[in-house]
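*Asks:* So I've got this file, model_31.pdb, and it contains PDB, C-alpha atoms and all ligand atoms:
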ATOM      1  CA  MET A   1      29.401  -3.047  10.359  1.00  0.00           C
ATOM      2  CA  SER A   2      30.637  -3.976   6.882  1.00  0.00           C
ATOM      3  CA  ALA A   3      28.525  -4.234   3.764  1.00  0.00           C
ATOM      4  CA  VAL A   4      27.666  -7.660   2.349  1.00  0.00           C
ATOM      5  CA  ARG A   5      26.486  -6.413  -1.047  1.00  0.00           C
ATOM      6  CA  SER A   6      27.859  -3.770  -3.383  1.00  0.00           C
ATOM      7  CA  TYR A   7      25.361  -0.946  -3.803  1.00  0.00           C
ATOM      8  CA  HIS A   8      27.566   0.371  -6.614  1.00  0.00           C
ATOM      9  CA  GLU A   9      26.230  -2.478  -8.718  1.00  0.00           C
ATOM     10  CA  ILE A  10      22.689  -1.109  -8.237  1.00  0.00           C
ATOM     11  CA  ILE A  11      23.847   2.406  -9.173  1.00  0.00           C
ATOM     12  CA  ARG A  12      25.629   1.032 -12.252  1.00  0.00           C
ATOM     13  CA  ARG A  13      22.453  -0.721 -13.416  1.00  0.00           C
ATOM     14  CA  ILE A  14      20.243   2.344 -12.850  1.00  0.00           C
ATOM     15  CA  GLN A  15      22.681   4.620 -14.661  1.00  0.00           C
ATOM     16  CA  GLY A  16      23.010   2.040 -17.447  1.00  0.00           C
ATOM     17  CA  LEU A  17      19.295   2.188 -18.347  1.00  0.00           C
ATOM     18  CA  PRO A  18      18.732   3.406 -21.920  1.00  0.00           C
ATOM     19  CA  ARG A  19      18.471   7.180 -21.666  1.00  0.00           C
ATOM     20  CA  ALA A  20      15.924   7.428 -24.443  1.00  0.00           C
ATOM     21  CA  ASP A  21      13.504   5.404 -22.315  1.00  0.00           C
ATOM     22  CA  TRP A  22      14.362   6.076 -18.670  1.00  0.00           C
ATOM     23  CA  LYS A  23      15.537   9.162 -16.867  1.00  0.00           C
ATOM     24  CA  ALA A  24      17.647   8.218 -13.847  1.00  0.00           C
ATOM     25  CA  GLU A  25      17.359  10.824 -11.130  1.00  0.00           C
ATOM     26  CA  TRP A  26      19.386  11.287  -7.950  1.00  0.00           C
ATOM     27  CA  ILE A  27      16.802  12.148  -5.293  1.00  0.00           C
ATOM     28  CA  GLY A  28      19.060  12.455  -2.259  1.00  0.00           C
ATOM     29  CA  GLU A  29      21.633  10.800  -0.079  1.00  0.00           C
ATOM     30  CA  VAL A  30      21.176   8.749   3.079  1.00  0.00           C
ATOM     31  CA  SER A  31      24.006   7.262   5.173  1.00  0.00           C
ATOM     32  CA  CYS A  32      26.466   8.487   2.491  1.00  0.00           C
ATOM     33  CA  LEU A  33      24.682   6.440  -0.186  1.00  0.00           C
ATOM     34  CA  PRO A  34      22.776   8.017  -3.102  1.00  0.00           C
ATOM     35  CA  VAL A  35      19.093   7.181  -3.580  1.00  0.00           C
ATOM     36  CA  TYR A  36      17.825   7.030  -7.146  1.00  0.00           C
ATOM     37  CA  ALA A  37      14.509   7.207  -8.918  1.00  0.00           C
ATOM     38  CA  ALA A  38      13.883   6.376 -12.572  1.00  0.00           C
ATOM     39  CA  ARG A  39      11.154   8.034 -14.568  1.00  0.00           C
ATOM     40  CA  ARG A  40       9.647   7.190 -17.905  1.00  0.00           C
ATOM     41  CA  SER A  41       7.176   9.621 -19.391  1.00  0.00           C
ATOM     42  CA  VAL A  42       5.059   8.802 -22.436  1.00  0.00           C
ATOM     43  CA  ALA A  43       2.602  11.730 -22.302  1.00  0.00           C
ATOM     44  CA  ASP A  44       1.622  14.461 -19.847  1.00  0.00           C
ATOM     45  CA  ASP A  45      -1.935  13.175 -19.681  1.00  0.00           C
ATOM     46  CA  ALA A  46      -1.065   9.470 -19.480  1.00  0.00           C
ATOM     47  CA  PRO A  47      -1.840   7.732 -16.169  1.00  0.00           C
ATOM     48  CA  SER A  48       1.097   7.122 -13.843  1.00  0.00           C
ATOM     49  CA  VAL A  49       2.235   3.942 -12.132  1.00  0.00           C
ATOM     50  CA  LEU A  50       4.540   3.855  -9.112  1.00  0.00           C
ATOM     51  CA  LEU A  51       6.835   0.872  -8.544  1.00  0.00           C
ATOM     52  CA  THR A  52       8.887   0.760  -5.331  1.00  0.00           C
ATOM     53  CA  ALA A  53      11.274  -1.812  -3.882  1.00  0.00           C
ATOM     54  CA  GLY A  54      14.003  -2.320  -1.323  1.00  0.00           C
ATOM     55  CA  MET A  55      12.165  -0.672   1.589  1.00  0.00           C
ATOM     56  CA  HIS A  56      13.418  -3.584   3.702  1.00  0.00           C
ATOM     57  CA  GLY A  57      17.063  -4.289   2.900  1.00  0.00           C
ATOM     58  CA  ASP A  58      16.880  -8.037   3.520  1.00  0.00           C
ATOM     59  CA  GLU A  59      14.240  -8.506   0.782  1.00  0.00           C
ATOM     60  CA  PRO A  60      16.403  -8.535  -2.365  1.00  0.00           C
ATOM     61  CA  ALA A  61      13.942 -10.034  -4.866  1.00  0.00           C
ATOM     62  CA  GLY A  62      11.985  -6.771  -5.028  1.00  0.00           C
ATOM     63  CA  VAL A  63      15.063  -4.717  -5.930  1.00  0.00           C
ATOM     64  CA  GLU A  64      16.082  -7.258  -8.550  1.00  0.00           C
ATOM     65  CA  ALA A  65      12.545  -7.359  -9.999  1.00  0.00           C
ATOM     66  CA  ALA A  66      12.310  -3.545 -10.249  1.00  0.00           C
ATOM     67  CA  LEU A  67      15.698  -3.391 -12.018  1.00  0.00           C
ATOM     68  CA  GLN A  68      14.853  -6.252 -14.371  1.00  0.00           C
ATOM     69  CA  TRP A  69      11.518  -4.604 -15.180  1.00  0.00           C
ATOM     70  CA  MET A  70      13.270  -1.433 -16.354  1.00  0.00           C
ATOM     71  CA  GLU A  71      16.070  -3.346 -18.116  1.00  0.00           C
ATOM     72  CA  GLY A  72      13.525  -5.465 -20.008  1.00  0.00           C
ATOM     73  CA  GLY A  73      11.162  -4.064 -22.586  1.00  0.00           C
ATOM     74  CA  ASP A  74       7.691  -5.095 -21.416  1.00  0.00           C
ATOM     75  CA  TRP A  75       6.906  -1.597 -20.229  1.00  0.00           C
ATOM     76  CA  HIS A  76       6.622  -0.621 -23.932  1.00  0.00           C
ATOM     77  CA  THR A  77       3.272  -2.415 -23.961  1.00  0.00           C
ATOM     78  CA  TRP A  78       1.674  -0.043 -21.468  1.00  0.00           C
ATOM     79  CA  PRO A  79       1.044   3.628 -22.274  1.00  0.00           C
ATOM     80  CA  VAL A  80       1.660   4.785 -18.731  1.00  0.00           C
ATOM     81  CA  ASN A  81       4.171   7.101 -17.110  1.00  0.00           C
ATOM     82  CA  TRP A  82       6.442   5.359 -14.644  1.00  0.00           C
ATOM     83  CA  LEU A  83       8.106   6.380 -11.447  1.00  0.00           C
ATOM     84  CA  VAL A  84      10.340   3.583 -10.158  1.00  0.00           C
ATOM     85  CA  LEU A  85      12.215   3.697  -6.845  1.00  0.00           C
ATOM     86  CA  PRO A  86      14.193   0.462  -7.124  1.00  0.00           C
ATOM     87  CA  CYS A  87      16.079   0.587  -3.812  1.00  0.00           C
ATOM     88  CA  ILE A  88      14.564   2.793  -1.118  1.00  0.00           C
ATOM     89  CA  ASN A  89      16.897   1.585   1.641  1.00  0.00           C
ATOM     90  CA  PRO A  90      20.451   1.427   0.192  1.00  0.00           C
ATOM     91  CA  PHE A  91      22.091   0.942   3.597  1.00  0.00           C
ATOM     92  CA  GLY A  92      19.751  -1.920   4.494  1.00  0.00           C
ATOM     93  CA  TRP A  93      20.235  -3.523   1.087  1.00  0.00           C
ATOM     94  CA  ALA A  94      24.061  -3.269   1.279  1.00  0.00           C
ATOM     95  CA  HIS A  95      24.046  -4.760   4.799  1.00  0.00           C
ATOM     96  CA  ASP A  96      21.262  -7.289   4.190  1.00  0.00           C
ATOM     97  CA  ARG A  97      19.146  -5.962   7.034  1.00  0.00           C
ATOM     98  CA  ARG A  98      15.542  -4.892   7.270  1.00  0.00           C
ATOM     99  CA  THR A  99      16.089  -1.459   8.798  1.00  0.00           C
ATOM    100  CA  ASN A 100      18.015   1.669   7.835  1.00  0.00           C
ATOM    101  CA  ALA A 101      21.289   2.704   9.506  1.00  0.00           C
ATOM    102  CA  GLU A 102      19.334   4.154  12.445  1.00  0.00           C
ATOM    103  CA  GLY A 103      17.548   0.855  13.053  1.00  0.00           C
ATOM    104  CA  GLN A 104      14.220   2.263  11.794  1.00  0.00           C
ATOM    105  CA  ASP A 105      11.687   0.247   9.838  1.00  0.00           C
ATOM    106  CA  ILE A 106      11.145   2.809   7.067  1.00  0.00           C
ATOM    107  CA  ASN A 107       7.678   1.431   6.343  1.00  0.00           C
ATOM    108  CA  ARG A 108       6.465   2.677   9.743  1.00  0.00           C
ATOM    109  CA  HIS A 109       7.526   6.277   9.191  1.00  0.00           C
ATOM    110  CA  PHE A 110       5.402   7.745   6.427  1.00  0.00           C
ATOM    111  CA  LEU A 111       3.450   9.930   8.847  1.00  0.00           C
ATOM    112  CA  ASP A 112       6.419  11.191  10.894  1.00  0.00           C
ATOM    113  CA  SER A 113       8.814  11.156   7.953  1.00  0.00           C
ATOM    114  CA  ASP A 114      10.871  14.050   9.313  1.00  0.00           C
ATOM    115  CA  SER A 115      12.464  11.463  11.615  1.00  0.00           C
ATOM    116  CA  CYS A 116      13.253   9.009   8.789  1.00  0.00           C
ATOM    117  CA  PRO A 117      15.314  10.297   5.834  1.00  0.00           C
ATOM    118  CA  GLU A 118      14.411   7.470   3.418  1.00  0.00           C
ATOM    119  CA  ALA A 119      10.644   7.948   3.973  1.00  0.00           C
ATOM    120  CA  LYS A 120      11.094  11.702   3.507  1.00  0.00           C
ATOM    121  CA  LEU A 121      12.861  11.191   0.162  1.00  0.00           C
ATOM    122  CA  VAL A 122      10.128   8.843  -1.074  1.00  0.00           C
ATOM    123  CA  LYS A 123       7.436  11.356  -0.102  1.00  0.00           C
ATOM    124  CA  GLU A 124       9.271  14.161  -1.908  1.00  0.00           C
ATOM    125  CA  ALA A 125       9.874  12.060  -5.044  1.00  0.00           C
ATOM    126  CA  THR A 126       6.196  11.042  -5.276  1.00  0.00           C
ATOM    127  CA  ALA A 127       4.674  14.369  -4.209  1.00  0.00           C
ATOM    128  CA  HIS A 128       3.832  15.844  -7.610  1.00  0.00           C
ATOM    129  CA  GLN A 129       2.273  12.840  -9.299  1.00  0.00           C
ATOM    130  CA  ARG A 130      -1.006  11.041  -8.811  1.00  0.00           C
ATOM    131  CA  PHE A 131      -0.880   7.292  -9.434  1.00  0.00           C
ATOM    132  CA  ILE A 132      -3.550   4.961 -10.757  1.00  0.00           C
ATOM    133  CA  LEU A 133      -1.568   2.088  -9.306  1.00  0.00           C
ATOM    134  CA  ALA A 134       1.229   1.802  -6.764  1.00  0.00           C
ATOM    135  CA  MET A 135       3.032  -1.472  -6.256  1.00  0.00           C
ATOM    136  CA  ASP A 136       5.563  -1.971  -3.458  1.00  0.00           C
ATOM    137  CA  LEU A 137       7.732  -5.108  -3.643  1.00  0.00           C
ATOM    138  CA  HIS A 138       8.497  -6.996  -0.430  1.00  0.00           C
ATOM    139  CA  GLU A 139       9.441 -10.434   0.832  1.00  0.00           C
ATOM    140  CA  ASP A 140       8.325 -12.542   3.788  1.00  0.00           C
ATOM    141  CA  SER A 141      10.716 -14.974   5.485  1.00  0.00           C
ATOM    142  CA  ASP A 142       7.834 -16.876   7.152  1.00  0.00           C
ATOM    143  CA  ALA A 143       5.639 -17.314   4.087  1.00  0.00           C
ATOM    144  CA  THR A 144       5.329 -20.668   2.337  1.00  0.00           C
ATOM    145  CA  GLY A 145       4.055 -19.134  -0.899  1.00  0.00           C
ATOM    146  CA  TYR A 146       3.335 -15.825  -2.618  1.00  0.00           C
ATOM    147  CA  TYR A 147       0.748 -13.375  -1.303  1.00  0.00           C
ATOM    148  CA  LEU A 148      -0.583  -9.968  -2.254  1.00  0.00           C
ATOM    149  CA  CYS A 149      -1.847  -7.265   0.117  1.00  0.00           C
ATOM    150  CA  GLU A 150      -4.290  -5.098  -1.812  1.00  0.00           C
ATOM    151  CA  THR A 151      -5.704  -1.754  -0.690  1.00  0.00           C
ATOM    152  CA  LYS A 152      -8.696  -0.518  -2.681  1.00  0.00           C
ATOM    153  CA  THR A 153     -12.077   0.917  -1.780  1.00  0.00           C
ATOM    154  CA  GLN A 154     -14.357  -1.087  -4.062  1.00  0.00           C
ATOM    155  CA  PRO A 155     -14.462  -4.034  -6.519  1.00  0.00           C
ATOM    156  CA  PRO A 156     -13.136  -5.225  -8.860  1.00  0.00           C
ATOM    157  CA  PHE A 157     -10.101  -6.565  -7.048  1.00  0.00           C
ATOM    158  CA  LEU A 158      -6.885  -7.928  -8.471  1.00  0.00           C
ATOM    159  CA  GLY A 159      -6.283 -10.358  -5.605  1.00  0.00           C
ATOM    160  CA  GLU A 160      -8.781 -12.977  -6.745  1.00  0.00           C
ATOM    161  CA  ARG A 161      -6.763 -13.443  -9.942  1.00  0.00           C
ATOM    162  CA  ILE A 162      -3.452 -14.136  -8.220  1.00  0.00           C
ATOM    163  CA  PRO A 163      -3.565 -17.965  -7.911  1.00  0.00           C
ATOM    164  CA  GLN A 164      -4.379 -18.259 -11.630  1.00  0.00           C
ATOM    165  CA  ALA A 165      -1.794 -15.674 -12.683  1.00  0.00           C
ATOM    166  CA  LEU A 166       0.951 -17.433 -10.707  1.00  0.00           C
ATOM    167  CA  SER A 167       0.090 -20.989 -11.686  1.00  0.00           C
ATOM    168  CA  GLY A 168       3.243 -22.569 -13.079  1.00  0.00           C
ATOM    169  CA  VAL A 169       5.387 -19.906 -11.413  1.00  0.00           C
ATOM    170  CA  MET A 170       4.931 -20.304  -7.660  1.00  0.00           C
ATOM    171  CA  PRO A 171       2.255 -21.568  -5.253  1.00  0.00           C
ATOM    172  CA  VAL A 172       0.313 -18.963  -3.314  1.00  0.00           C
ATOM    173  CA  ALA A 173       0.273 -18.978   0.502  1.00  0.00           C
ATOM    174  CA  ASP A 174      -2.940 -20.689   1.569  1.00  0.00           C
ATOM    175  CA  ASN A 175      -2.829 -19.647   5.240  1.00  0.00           C
ATOM    176  CA  ALA A 176      -6.027 -18.368   6.871  1.00  0.00           C
ATOM    177  CA  ARG A 177      -4.022 -15.386   8.108  1.00  0.00           C
ATOM    178  CA  LEU A 178      -1.302 -13.562   6.192  1.00  0.00           C
ATOM    179  CA  ASP A 179       0.918 -10.836   7.585  1.00  0.00           C
ATOM    180  CA  GLY A 180      -1.233 -10.765  10.735  1.00  0.00           C
ATOM    181  CA  ARG A 181      -4.486 -10.270   8.858  1.00  0.00           C
ATOM    182  CA  ARG A 182      -7.320 -12.540   7.758  1.00  0.00           C
ATOM    183  CA  ALA A 183      -6.841 -13.733   4.187  1.00  0.00           C
ATOM    184  CA  GLN A 184      -9.605 -12.745   1.771  1.00  0.00           C
ATOM    185  CA  GLY A 185      -8.701 -15.646  -0.501  1.00  0.00           C
ATOM    186  CA  PRO A 186      -5.685 -17.813  -1.384  1.00  0.00           C
ATOM    187  CA  GLY A 187      -2.590 -15.616  -1.375  1.00  0.00           C
ATOM    188  CA  TRP A 188      -4.629 -12.453  -0.919  1.00  0.00           C
ATOM    189  CA  VAL A 189      -5.180  -9.913   1.857  1.00  0.00           C
ATOM    190  CA  LEU A 190      -7.637  -7.107   1.154  1.00  0.00           C
ATOM    191  CA  ARG A 191      -7.734  -3.803   2.967  1.00  0.00           C
ATOM    192  CA  VAL A 192     -10.642  -1.566   2.131  1.00  0.00           C
ATOM    193  CA  ALA A 193      -9.171   1.913   2.452  1.00  0.00           C
ATOM    194  CA  ARG A 194     -11.072   4.066   4.929  1.00  0.00           C
ATOM    195  CA  ARG A 195      -9.667   7.346   6.044  1.00  0.00           C
ATOM    196  CA  ASN A 196     -10.503   6.864   9.732  1.00  0.00           C
ATOM    197  CA  ASP A 197      -8.534   3.580   9.733  1.00  0.00           C
ATOM    198  CA  PHE A 198      -5.489   5.626   8.843  1.00  0.00           C
ATOM    199  CA  GLU A 199      -6.206   8.313  11.377  1.00  0.00           C
ATOM    200  CA  ARG A 200      -6.209   5.780  14.203  1.00  0.00           C
ATOM    201  CA  ARG A 201      -2.712   4.590  13.340  1.00  0.00           C
ATOM    202  CA  ARG A 202       0.452   6.508  14.108  1.00  0.00           C
ATOM    203  CA  GLN A 203       2.935   4.296  12.222  1.00  0.00           C
ATOM    204  CA  TRP A 204       2.033   4.737   8.594  1.00  0.00           C
ATOM    205  CA  PRO A 205       3.374   2.445   5.877  1.00  0.00           C
ATOM    206  CA  LEU A 206       3.893   3.882   2.385  1.00  0.00           C
ATOM    207  CA  ALA A 207       0.493   2.509   1.309  1.00  0.00           C
ATOM    208  CA  PHE A 208      -1.319   4.698   3.897  1.00  0.00           C
ATOM    209  CA  HIS A 209       0.515   7.805   2.761  1.00  0.00           C
ATOM    210  CA  LEU A 210      -0.261   7.167  -0.911  1.00  0.00           C
ATOM    211  CA  ALA A 211      -3.904   6.262  -0.182  1.00  0.00           C
ATOM    212  CA  ALA A 212      -4.331   9.448   1.862  1.00  0.00           C
ATOM    213  CA  ARG A 213      -2.966  11.381  -1.128  1.00  0.00           C
ATOM    214  CA  GLY A 214      -5.442   9.864  -3.556  1.00  0.00           C
ATOM    215  CA  THR A 215      -3.866   6.669  -4.943  1.00  0.00           C
ATOM    216  CA  GLU A 216      -6.860   4.362  -5.301  1.00  0.00           C
ATOM    217  CA  HIS A 217      -5.161   1.053  -5.912  1.00  0.00           C
ATOM    218  CA  LEU A 218      -2.202  -0.089  -3.819  1.00  0.00           C
ATOM    219  CA  LEU A 219      -0.440  -3.416  -3.938  1.00  0.00           C
ATOM    220  CA  CYS A 220       2.116  -4.863  -1.600  1.00  0.00           C
ATOM    221  CA  SER A 221       3.657  -7.862  -3.349  1.00  0.00           C
ATOM    222  CA  GLU A 222       5.179 -10.455  -0.979  1.00  0.00           C
ATOM    223  CA  THR A 223       7.412 -13.337  -2.091  1.00  0.00           C
ATOM    224  CA  PRO A 224       8.620 -16.132   0.226  1.00  0.00           C
ATOM    225  CA  THR A 225      12.369 -15.726   0.846  1.00  0.00           C
ATOM    226  CA  ARG A 226      12.787 -19.489   1.259  1.00  0.00           C
ATOM    227  CA  ARG A 227      12.237 -19.922  -2.508  1.00  0.00           C
ATOM    228  CA  PRO A 228      15.011 -19.362  -5.109  1.00  0.00           C
ATOM    229  CA  LEU A 229      15.679 -15.721  -6.002  1.00  0.00           C
ATOM    230  CA  ASP A 230      14.954 -16.078  -9.711  1.00  0.00           C
ATOM    231  CA  LEU A 231      11.514 -17.539  -8.963  1.00  0.00           C
ATOM    232  CA  ARG A 232      10.691 -14.766  -6.513  1.00  0.00           C
ATOM    233  CA  VAL A 233      11.679 -12.157  -9.114  1.00  0.00           C
ATOM    234  CA  ARG A 234       9.524 -13.932 -11.668  1.00  0.00           C
ATOM    235  CA  ALA A 235       6.575 -13.959  -9.245  1.00  0.00           C
ATOM    236  CA  HIS A 236       6.830 -10.182  -8.623  1.00  0.00           C
ATOM    237  CA  LEU A 237       7.028  -9.468 -12.357  1.00  0.00           C
ATOM    238  CA  THR A 238       4.170 -11.829 -13.176  1.00  0.00           C
ATOM    239  CA  VAL A 239       1.916 -10.036 -10.694  1.00  0.00           C
ATOM    240  CA  LEU A 240       3.073  -6.637 -11.992  1.00  0.00           C
ATOM    241  CA  ARG A 241       2.040  -7.628 -15.536  1.00  0.00           C
ATOM    242  CA  GLU A 242      -1.284  -8.941 -14.240  1.00  0.00           C
ATOM    243  CA  ALA A 243      -1.820  -5.666 -12.367  1.00  0.00           C
ATOM    244  CA  LEU A 244      -1.163  -3.696 -15.565  1.00  0.00           C
ATOM    245  CA  ARG A 245      -3.640  -5.883 -17.465  1.00  0.00           C
ATOM    246  CA  PHE A 246      -6.149  -5.285 -14.671  1.00  0.00           C
ATOM    247  CA  VAL A 247      -5.679  -1.519 -14.864  1.00  0.00           C
ATOM    248  CA  THR A 248      -6.093  -1.706 -18.640  1.00  0.00           C
ATOM    249  CA  GLU A 249      -9.457  -3.416 -18.211  1.00  0.00           C
ATOM    250  CA  THR A 250     -10.813  -1.196 -15.474  1.00  0.00           C
ATOM    251  CA  LEU A 251      -9.579   2.170 -16.720  1.00  0.00           C
ATOM    252  CA  PRO A 252      -9.388   3.642 -20.212  1.00  0.00           C
ATOM    253  CA  VAL A 253      -5.739   2.665 -20.682  1.00  0.00           C
ATOM    254  CA  LYS A 254      -5.171   0.511 -23.741  1.00  0.00           C
ATOM    255  CA  PRO A 255      -2.047  -1.538 -24.503  1.00  0.00           C
ATOM    256  CA  THR A 256      -0.070  -0.183 -27.433  1.00  0.00           C
ATOM    257  CA  ARG A 257       0.733  -3.616 -28.830  1.00  0.00           C
ATOM    258  CA  PRO A 258      -0.408  -7.178 -28.201  1.00  0.00           C
TER     259      PRO A 258
HETATM  260 ZN    ZN A 301       9.172  -5.867   3.528  1.00  0.00          ZN
END
Please render this file's structure as structure tokens.
Ligand SMILES: [Zn+2]
*Replies:*
Amino acid sequence: MSAVRSYHEIIRRIQGLPRADWKAEWIGEVSCLPVYAARRSVADDAPSVLLTAGMHGDEPAGVEAALQWMEGGDWHTWPVNWLVLPCINPFGWAHDRRTNAEGQDINRHFLDSDSCPEAKLVKEATAHQRFILAMDLHEDSDATGYYLCETKTQPPFLGERIPQALSGVMPVADNARLDGRRAQGPGWVLRVARRNDFERRRQWPLAFHLAARGTEHLLCSETPTRRPLDLRVRAHLTVLREALRFVTETLPVKPTRP
């Protein structure tokens, strides 16, 4: 099976991030391809945000959005520490396929991660940090518009702001069901995190693992692959900025500049 995309281009972009701002970190190797994280630390006591992408290799807008986020300068606005995993599944990304080289859907293996090397690396990279917000970037080939899956125990919720935040960028999916679940509102699926929900399931996505470890606010951002790539990237980044504004309002984290 030959690659359809050059993963070296991703490595080049991660290693090309300004070193004063981002620390690129090799976290391991899977299927002979290196997996990278990028960290940005503003203060030991600053809250931390986790941004992940490329779990499913055939969902390229997330990888592009995570890279563009670090290459841009908007992160200066937010006094938070960042951990970014821009391409969790290098083999899948290079071959434009959902699964890893073993045919596993990585996002089903965060409980039994010993059997899935990519999930294991993500767990190790995130193990020593607690996040106020974790956002995982995905795409949906069936969706007609954008939608957000939000996991949080109590209000306020970000999801109700999504149609407004994306107006002028992309329509939201207005289906009654999204990703197999009842929609809470336009473009929004809400999961109220309860521990026994997790315990019933054997195939944990990343969100379950992070929630079980104390991350209170988890977002799974889904763009429709039938739309142009640049618009999908813009939609992910628009929702990321809205999520950071939301965190600023609900926690004592203040922007450093307007
Ligand atoms: Zn996905």
*Asks:* Fewer than 5 positions away in the same chain doesn't count, so skip those; otherwise give me all residues within 7 Å of Glu59 (chain A), counting all atoms listed in the file, as a list in words.
*Replies:*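 The filter keeps Gly54, His138 and Glu139 of chain A.
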*Asks:* So that each row is one residue of chain A with an atom at most 10 Å from ligand ZN 301 (chain A), can you give its shortest atom pair and the distance in Å to one decimal, using all atoms listed in the file, rows by chain and rising number, as a Markdown table?
*Replies:*
| residue | atom | partner | partner_atom | distance |
| --- | --- | --- | --- | --- |
| A:Ala53 | CA | A:ZN301 | ZN | 8.7 |
| A:Gly54 | CA | A:ZN301 | ZN | 7.7 |
| A:Met55 | CA | A:ZN301 | ZN | 6.3 |
| A:His56 | CA | A:ZN301 | ZN | 4.8 |
| A:Gly57 | CA | A:ZN301 | ZN | 8.1 |
| A:Asp58 | CA | A:ZN301 | ZN | 8.0 |
| A:Glu59 | CA | A:ZN301 | ZN | 6.3 |
| A:Pro60 | CA | A:ZN301 | ZN | 9.7 |
| A:Gly62 | CA | A:ZN301 | ZN | 9.1 |
| A:Arg98 | CA | A:ZN301 | ZN | 7.5 |
| A:Thr99 | CA | A:ZN301 | ZN | 9.7 |
| A:Asp105 | CA | A:ZN301 | ZN | 9.1 |
| A:Ile106 | CA | A:ZN301 | ZN | 9.6 |
| A:Asn107 | CA | A:ZN301 | ZN | 8.0 |
| A:Asp136 | CA | A:ZN301 | ZN | 8.8 |
| A:Leu137 | CA | A:ZN301 | ZN | 7.4 |
| A:His138 | CA | A:ZN301 | ZN | 4.2 |
| A:Glu139 | CA | A:ZN301 | ZN | 5.3 |
| A:Asp140 | CA | A:ZN301 | ZN | 6.7 |
| A:Ser141 | CA | A:ZN301 | ZN | 9.4 |
| A:Cys220 | CA | A:ZN301 | ZN | 8.8 |
| A:Ser221 | CA | A:ZN301 | ZN | 9.0 |
| A:Glu222 | CA | A:ZN301 | ZN | 7.6 |
| A:Thr223 | CA | A:ZN301 | ZN | 9.5 |
*Asks:* What gap, in Å, lies between CA of Ala173 (chain A) and CA of Gly187 (chain A)?
*Replies:*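 Between CA of Ala173 (chain A) and CA of Gly187 (chain A) the gap works out to 4.8 Å.
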*Asks:* Give me the result of the PyMOL selection byres (((chain A and resi 123-131) around 9) and not hetatm) on this file, residue by residue, as a PyMOL selection string.
*Replies:* chain A and resi 27+37+47-50+83+85+110+113+118-122+132-134+206+209-210+213-217
*Asks:* Report as a list in words all protein, DNA and RNA residues lying within 10 Å of Pro18 (chain A), evaluated on only C-alpha atoms, omitting residues in the same chain fewer than 6 positions from it.
*Replies:*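 Contacts, with the query itself left out: Ala24, Met70 and Glu71 of chain A.
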*Asks:* Given the file above and the PyMOL selection byres (((chain A and resi 239) around 8) and not hetatm), which residues are selected, and can you give them as a PyMOL selection string?
*Replies:* chain A and resi 162+165-166+221+235-238+240-243
*Asks:* Would you compute the distance between CA of Val172 (chain A) and CA of Arg226 (chain A)? Give it in Å to one decimal.
*Replies:*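 Separating CA of Val172 (chain A) from CA of Arg226 (chain A) is a distance of 13.3 Å.
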*Asks:* Starting from the PyMOL selection byres (((chain A and resi 202) around 9) and not hetatm), expand the selection into actual residues of this file and give them as a list in words.
*Replies:*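 Matching residues under the PyMOL selection byres (((chain A and resi 202) around 9) and not hetatm) are Arg108, His109, Leu111, Asp112, Phe198, Glu199, Arg200, Arg201, Gln203 and Trp204 of chain A.
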*Asks:* Restricting the output to C-alpha atoms, write the selected residues as a PDB file, in the frame of the given file.
*Replies:*
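The result, stored in result19.pdb:
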ATOM      1  CA  ARG A 108       6.465   2.677   9.743  1.00  0.00           C
ATOM      2  CA  HIS A 109       7.526   6.277   9.191  1.00  0.00           C
ATOM      3  CA  LEU A 111       3.450   9.930   8.847  1.00  0.00           C
ATOM      4  CA  ASP A 112       6.419  11.191  10.894  1.00  0.00           C
ATOM      5  CA  PHE A 198      -5.489   5.626   8.843  1.00  0.00           C
ATOM      6  CA  GLU A 199      -6.206   8.313  11.377  1.00  0.00           C
ATOM      7  CA  ARG A 200      -6.209   5.780  14.203  1.00  0.00           C
ATOM      8  CA  ARG A 201      -2.712   4.590  13.340  1.00  0.00           C
ATOM      9  CA  GLN A 203       2.935   4.296  12.222  1.00  0.00           C
ATOM     10  CA  TRP A 204       2.033   4.737   8.594  1.00  0.00           C
TER      11      TRP A 204
END
*Asks:* Enclose all atoms of region 78-85 of chain A listed in the file in an axis-aligned box, grow every side by 3 Å, and hand back centre and edge lengths in Å to one decimal, as AutoDock Vina command-line options.
*Replies:*
--center_x 6.6 --center_y 3.5 --center_z -14.6 --size_x 17.2 --size_y 13.1 --size_z 21.4
*Asks:* Could you check the closest approach to Val84 (chain A) for each of A:Ser41, A:Gln104, A:Ser2, A:Thr225 and tell me which residue wins, using all atoms listed in the file?
*Replies:*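 Among the listed residues, A:Ser41 lies closest to Val84 (chain A).
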*Asks:* By how many Å are CA of Leu231 (chain A) and CA of Met170 (chain A) apart?
*Replies:*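 It comes out at 7.3 Å.
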*Asks:* For a quick check of understanding, using only C-alpha atoms, which of A:Lys152, A:Arg161, A:Arg13, A:Arg40 has the smallest distance to Val63 (chain A)?
*Replies:* A:Arg13
*Asks:* Which residue out of A:Pro79, A:Pro163, A:Pro156, A:Gly185 has the minimum interatomic distance to Glu249 (chain A) when only C-alpha atoms are used?
*Replies:*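 Using only C-alpha atoms, the shortest distance to Glu249 (chain A) belongs to A:Pro156.
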*Asks:* Got a sec: who's within 8 Å of region 4-8 of chain A, counting all atoms listed in the file, leaving out chain neighbours fewer than 6 positions off, as a PyMOL selection string?
*Replies:* chain A and resi 90+93-96
*Asks:* Which residue is closest to Glu102 (chain A)? Choose from A:Leu190, A:Ser31, A:Asp179, A:Leu67 and count only C-alpha atoms.
*Replies:*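 Smallest distance to Glu102 (chain A) is found for A:Ser31.
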*Asks:* A:Asn100, A:Thr151, A:His76, A:Tyr146: which is nearest Asn175 (chain A), counting all atoms listed in the file?
*Replies:*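 So, comparing all the options, the nearest one is A:Tyr146.
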*Asks:* Measuring atom to atom with only C-alpha atoms, identify which of A:Ala176, A:Val30, A:Ala65, A:Cys87 is nearest to Pro117 (chain A).
*Replies:* A:Val30
